[in-house]
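Below you'll find the structure, written out as structure tokens, and then a few comments.
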Amino acid sequence: MTDPWVALEPGADPAERVRVLRRAHETFTTAGTVPRPVRSVVAESWRRSARAGVGPDGSASVELTDGDLGAYRAEHPLARVMPLFRELMGTFAADGEHLLAVCDAHGRLLWVEGHAATRRRADRMNFVPGARWSETAVGTNAPGTAVAVDRPVQVFAAEHFIRRVQPWTCAAAPVHDPRTGRVLGAVDITGGDGLAHPHSLGFVRAVARAAEAQLALLTPPGAADQAPLLSALGRDEAELSLDGRRMRLSRRHSEILVLLSRHPEGLSGDELLCGLYADESVTPVTLRAELARLRRLLGPGLLASRPYRLTAAVESDATVVERRLETGGLTAAVEAYSGPLLPGSQAPAIVRLRERLAGALRTALIAHRDPDLLADWAHAPWGEDDIEVWRALAAVRPTAPVRARLAALEAELAVPAGRFPARARGATYLQRPLA
């Protein structure tokens, strides 16, 4: 396959591909191994499905019905772009005997519309509004997998994990909050083998991007309902977007807001003191003075005390990266990672968060073995001396420049630590002493 995200290349024989996939699915469900013809995105999804305890003979369950479903849909952010989805996809779905479906970030179907006869067939496998179609519930399927990996995906025939879904083909793309990057759900087109074409994947991708653009227009900068957004990756002083204002925070105020944004339940003065100051001689008076200055900067109402807490949810770019990583969206997580969290901070709690986030990302990168993602990390300032990433990159992309850089790092690693202390230990950007 020239594009691993496309299920069936033009000119391929769908019937033969179905036979190959059925044999592969049987091999996996009986022996636990994935034969070579299965695309990597599908193989990884099958493994996640099996780990989640999904059985190949299972079915979707309906979680929301009647009034509960109606109330939930009315309040969901994607309700605002349903007219756009219908305008762009409704005729295509009806004329092609397909279905337009929209799910939330948990894989629950909110809307299923389209050709009447196709809807009746889909009803028999509970592909209906209110049913959960996440990977953890029904295994590999386009809307559930698109949410899980946070990128557009196409699923063809026996690539579906559950057998009763295997007569279908679908393509879905995640839709993000244009302000925070958070996954809101996915838009999907479901039907027969005719959808197993690169055009259907490109189509849902374009529709998802149009929806994000529409959401951005519906929530302009400075709107009253815009949640505060904290940008703290790759910068020593965070930037806070609040009520249409952008303010650059001092290093200490940046640290305080990062910690409080991660603890909506609040932190006591002692907890904040321990998290912010390595020097145990710093007194609570110093912290209270910083908090008073921060409260004046933020304006009334956002920073409360006893315990210290934020009265409104503050989204941070670091939590966006974590959320994408937790849902398997490694590519999207790397794209959102603009550098170490407050790299100049020596606050103990910030150091722990910074190292944990970077460590989780690089561990996922090394395990995933994607040469492009590894190269992006290795050539970034924070990865230029990361010898483990360079070793992983050399294993999958052994070009002359990569081998030369790895050889240089390994030569430095062999030098006695007293001569070149930072590089001799193979330290990464995150491990270097910070000014």
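Labels used: A, B, ... for chains in the order of the structure tokens, numbers from 1 for residues in each chain, and numbers from 1 for ligands as shown.
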Contacts of A:Leu287 within 8 Å, only C-alpha atoms, excl. fewer than 4 positions in-chain, as JSON, numbers by chain: {"A": [269, 273, 283, 291]}
Export of prior selection with C-alpha atoms as a PDB file, in the first residue's frame:
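Contents of result.pdb, as written:
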```pdb
ATOM      1  CA  GLY A 269      -0.648  26.402  50.698  1.00  0.00           C
ATOM      2  CA  LEU A 273       4.919  25.561  48.579  1.00  0.00           C
ATOM      3  CA  THR A 283       8.158  30.928  53.809  1.00  0.00           C
ATOM      4  CA  LEU A 291      -0.631  34.572  44.724  1.00  0.00           C
TER       5      LEU A 291
END
```
Residues of stretch 57-165 of chain A classed as alpha helix (DSSP H) by DSSP on the backbone are to be reported as an MDAnalysis selection string. chainID A and resid 66:75 82:95 116:123 135:138 142:149
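For the set A:Leu413, A:Leu229, A:Cys170, A:Ala137, the residue with the smallest atom-to-atom gap to A:Arg51 is A:Ala137, counting only C-alpha atoms.
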If we count only C-alpha atoms, what is near A:Leu406 at a cut-off of 7 Å, once residues fewer than 3 positions away on the same chain are taken out, given as a ChimeraX atom specification? /A:387,390-391,402-403,409-410
State, in Å with one decimal place, the distance from atom CA of A:Val389 to atom CA of A:Ala336.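 According to the coordinates, atom CA of A:Val389 and atom CA of A:Ala336 are separated by 18.7 Å.
Nearest residue to A:Leu99, choosing from A:Ser61, A:Thr190, A:Arg182, A:Glu280 and counting only C-alpha atoms: A:Thr190.
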Using only C-alpha atoms, which of the listed residues (A:Gly191, A:Pro37, A:Ile256, A:Asp57) sits closest to A:Arg295?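 With only C-alpha atoms as the atom set, the closest residue is A:Ile256.
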